[in-house]
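Content type compact mmCIF, C-alpha atoms, from the file my_file.txt:
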```txt
# COMPACT_ATOMS: atom_id res chain seq x y z
CA MET A 437 11.97 17.10 66.70
CA ALA A 438 8.44 17.73 65.36
CA ALA A 439 6.96 18.30 68.80
CA ALA A 440 9.21 21.29 69.43
CA ASN A 441 7.99 22.94 66.23
CA LEU A 442 4.37 22.19 67.09
CA GLN A 443 4.55 24.02 70.43
CA VAL A 444 4.35 27.32 68.56
CA ALA A 445 0.80 26.44 67.56
CA VAL A 446 -0.66 26.44 71.07
CA SER A 447 -0.90 28.73 74.05
CA ASP A 448 -1.12 27.74 77.70
CA ASP A 449 -4.89 27.37 77.36
CA LEU A 450 -4.88 25.98 73.80
CA ASN A 451 -6.19 28.31 71.15
CA TYR A 452 -8.21 25.61 69.41
CA GLU A 453 -9.10 27.82 66.46
CA MET A 454 -5.41 28.12 65.59
CA TRP A 455 -4.30 24.69 66.79
CA ALA A 456 -6.83 22.52 64.92
CA PRO A 457 -6.04 23.58 61.32
CA ILE A 458 -2.30 23.42 61.97
CA MET A 459 -2.62 19.93 63.45
CA LYS A 460 -4.86 18.76 60.61
CA THR A 461 -2.39 20.04 58.02
CA THR A 462 0.49 18.38 59.85
CA LEU A 463 -1.35 15.05 60.08
CA VAL A 464 -2.48 15.17 56.44
CA GLU A 465 1.09 15.89 55.34
CA LYS A 466 2.35 12.93 57.38
CA LYS A 467 -0.42 10.72 55.93
CA LEU A 468 -1.93 10.17 59.38
CA TRP A 469 -5.21 12.08 59.05
CA ASP A 470 -7.27 9.02 58.06
CA ALA A 471 -6.56 7.48 61.48
CA VAL A 472 -7.82 10.64 63.19
CA GLU A 473 -10.83 11.18 60.96
CA ASN A 474 -12.05 7.58 60.80
CA GLY A 475 -10.53 6.04 63.90
CA VAL A 476 -9.21 2.51 64.20
CA SER A 477 -11.38 -0.55 64.69
CA PRO A 478 -10.70 -2.85 67.65
CA ASP A 479 -7.86 -5.34 67.36
CA PRO A 480 -9.29 -8.10 65.12
CA THR A 481 -7.13 -10.74 66.81
CA LYS A 482 -9.07 -10.14 70.03
CA ILE A 483 -12.53 -10.54 68.53
CA PRO A 484 -13.84 -14.08 69.01
CA GLY A 485 -14.74 -15.69 65.70
CA LEU A 486 -12.80 -13.12 63.69
CA ALA A 487 -9.38 -13.88 65.14
CA SER A 488 -9.21 -17.31 63.51
CA THR A 489 -10.54 -16.18 60.13
CA ILE A 490 -8.74 -12.90 59.53
CA GLN A 491 -6.46 -12.86 56.52
CA ALA A 492 -2.80 -11.86 56.90
CA GLU A 493 -3.27 -8.95 54.49
CA GLU A 494 -6.23 -7.59 56.46
CA LEU A 495 -4.31 -7.93 59.71
CA SER A 496 -1.34 -6.13 58.17
CA LYS A 497 -3.61 -3.25 57.05
CA TRP A 498 -5.10 -3.01 60.53
CA ARG A 499 -1.63 -2.95 62.13
CA ASP A 500 -0.51 -0.19 59.73
CA LEU A 501 -3.56 1.88 60.64
CA ALA A 502 -3.00 1.21 64.36
CA ARG A 503 0.62 2.43 64.00
CA LYS A 504 -0.60 5.56 62.20
CA ASP A 505 -3.07 6.13 65.01
CA MET A 506 -0.34 5.93 67.66
CA LYS A 507 1.88 8.31 65.67
CA ALA A 508 -1.02 10.75 65.29
CA LEU A 509 -1.86 10.43 68.99
CA GLN A 510 1.75 11.23 69.90
CA ILE A 511 1.78 14.30 67.63
CA LEU A 512 -1.52 15.58 68.99
CA GLN A 513 -0.66 15.05 72.64
CA SER A 514 2.86 16.46 72.31
CA SER A 515 1.45 19.66 70.83
CA LEU A 516 -0.77 20.32 73.85
CA PRO A 517 0.02 22.43 76.88
CA GLU A 518 0.21 20.36 80.06
CA SER A 519 -3.15 21.59 81.38
CA VAL A 520 -4.91 20.34 78.25
CA PHE A 521 -2.75 17.22 77.86
CA ARG A 522 -3.95 15.96 81.25
CA LYS A 523 -7.53 15.99 79.97
CA THR A 524 -6.55 13.64 77.14
CA LEU A 525 -4.90 10.94 79.25
CA SER A 526 -7.98 8.72 79.18
CA ALA A 527 -8.12 8.85 75.37
CA SER A 528 -6.81 5.71 73.70
CA SER A 529 -6.72 6.94 70.12
CA ALA A 530 -5.97 10.03 68.07
CA LYS A 531 -9.65 10.23 67.09
CA ASP A 532 -10.62 10.24 70.77
CA VAL A 533 -8.25 13.15 71.48
CA TRP A 534 -9.38 15.09 68.41
CA ASP A 535 -13.07 14.62 69.23
CA LEU A 536 -12.54 15.44 72.91
CA LEU A 537 -10.84 18.74 72.08
CA LYS A 538 -13.32 19.61 69.34
CA ILE A 539 -16.32 19.00 71.61
CA GLY A 540 -14.65 20.88 74.46
CA ASN A 541 -14.07 23.85 72.16
CA GLU A 542 -17.68 23.80 70.95
CA GLU A 543 -18.97 23.61 74.53
CA ALA A 544 -16.77 26.55 75.56
CA LYS A 545 -18.06 28.59 72.61
CA LEU A 546 -21.63 27.74 73.54
CA VAL A 547 -21.12 28.85 77.15
CA GLU A 548 -19.52 32.09 75.95
CA LEU A 549 -22.45 32.78 73.60
CA GLU A 550 -24.98 31.97 76.32
CA ASN A 551 -23.26 34.42 78.68
CA ARG A 552 -23.15 37.12 76.01
CA PHE A 553 -26.84 36.53 75.25
CA GLU A 554 -27.83 36.67 78.93
CA GLU A 555 -25.93 39.94 79.39
CA LEU A 556 -27.40 41.44 76.24
CA SER A 557 -29.25 44.65 76.86
CA MET A 558 -29.89 47.80 74.97
CA HIS A 559 -27.34 50.52 75.74
CA LYS A 560 -28.52 53.96 76.77
CA GLY A 561 -28.98 56.01 73.63
CA GLU A 562 -28.51 52.98 71.33
CA ALA A 563 -30.68 52.85 68.23
CA MET A 564 -33.10 49.94 68.03
CA ASP A 565 -31.53 48.82 64.72
CA SER A 566 -28.13 48.55 66.37
CA TYR A 567 -29.51 46.50 69.26
CA VAL A 568 -31.41 44.19 66.90
CA ASP A 569 -28.24 43.74 64.82
CA ARG A 570 -26.36 42.60 67.94
CA VAL A 571 -29.15 40.16 68.85
CA VAL A 572 -29.23 38.77 65.30
CA LYS A 573 -25.44 38.40 65.25
CA ILE A 574 -25.42 36.31 68.45
CA THR A 575 -28.39 34.28 67.20
CA GLU A 576 -26.54 33.54 63.95
CA GLN A 577 -23.47 32.47 65.94
CA PHE A 578 -25.67 30.04 67.91
CA ARG A 579 -27.06 28.68 64.65
CA ASP A 580 -23.61 28.30 63.11
CA LEU A 581 -22.37 26.48 66.19
CA LYS A 582 -25.33 24.11 66.07
CA LYS A 583 -24.57 23.36 62.39
CA CYS A 584 -21.00 22.43 63.37
CA GLU A 585 -22.32 20.00 65.99
CA ALA A 586 -24.54 18.20 63.49
```

Please express what this file holds, its structure, as structure tokens.
Amino acid sequence: MAAANLQVAVSDDLNYEMWAPIMKTTLVEKKLWDAVENGVSPDPTKIPGLASTIQAEELSKWRDLARKDMKALQILQSSLPESVFRKTLSASSAKDVWDLLKIGNEEAKLVELENRFEELSMHKGEAMDSYVDRVVKITEQFRDLKKCEA
């Protein structure tokens, strides 16, 4: 049901800039965003020392968050084109998928900017101010991308 509606948000190669805000809005509306943003801690029943001391209420909260994570993971993966979905198969949580796609998008942007910078040259008859403006614009895009990574 929801997955069919989400397919509109992506292209064959995943337009991350369009996909990410739509997915975030969808996950916030479904009260699943906290699982994506903060992730889910490991299963407390499998941690020696903690398994025997964990309170039922804490375990119930963890299980609720783990269920939210699986729902969010399903929504994210079902919204992806097959070529991108394959890259997420090793991810075990919604946060892993989100981070993987975000980092992949940032890396692709960086490569694109590097290529544009390497190919940058002054056009015949171009005013120096125009050339400097283009250099500054690419430099600012590098800076903005680095801020996003931090």

Counting all atoms listed in the file, which residue out of A:Pro480, A:Val472, A:Asn541, A:Met459 sits closest to A:Ser514?
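Residue with the minimum atom-to-atom distance to A:Ser514: A:Met459.
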
What is the atom CA of A:Ile511 to atom CA of A:Asp449 distance in Å?
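Computing the Euclidean distance for atom CA of A:Ile511 and atom CA of A:Asp449 yields 17.6 Å.
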
Gap from atom CA of A:Asn551 to atom CA of A:Glu453 - Å, one decimal
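Separation between atom CA of A:Asn551 and atom CA of A:Glu453: 19.8 Å.
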
Pick from A:Leu525, A:Leu581, A:Leu512, A:Ile458, whichever lies nearest to A:Glu550 using all atoms listed in the file
A:Leu581

Any idea what's packed within 10 Å of A:Ser519, counting all atoms listed in the file, ignoring anything in its chain fewer than 2 positions away? Could you give it as a ChimeraX atom specification?
/A:448-450,516-517,521-524

Distance atom CA of A:Leu468-atom CA of A:Leu537, one decimal place?
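That distance, rounded to one decimal, is 17.7 Å.
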
With a distance cut-off of 12 Å and all atoms listed in the file, select the neighbouring residues of A:Pro478, excluding the residue or stretch itself and same-chain residues fewer than 4 positions from it, and output the selection as a ChimeraX atom specification.
/A:482-484,486-487,495,498-499,501-502,528-529

With distances taken over only C-alpha atoms, the candidate from A:Gly485, A:Asp565, A:Phe578, A:Ala527 nearest A:Glu543 is A:Phe578

Enclosing box along x, y and z for every listed atom of stretch 467-479 of chain A, padded 3 Å each side, centre and size in Å, one decimal, as JSON:
```
{"center_x": -6.2, "center_y": 3.4, "center_z": 61.8, "size_x": 17.6, "size_y": 23.4, "size_z": 17.7}
```

Residue among A:Val547, A:Ile539, A:Val568, A:Val533 lying closest to A:Leu509, counting all atoms listed in the file
A:Val533
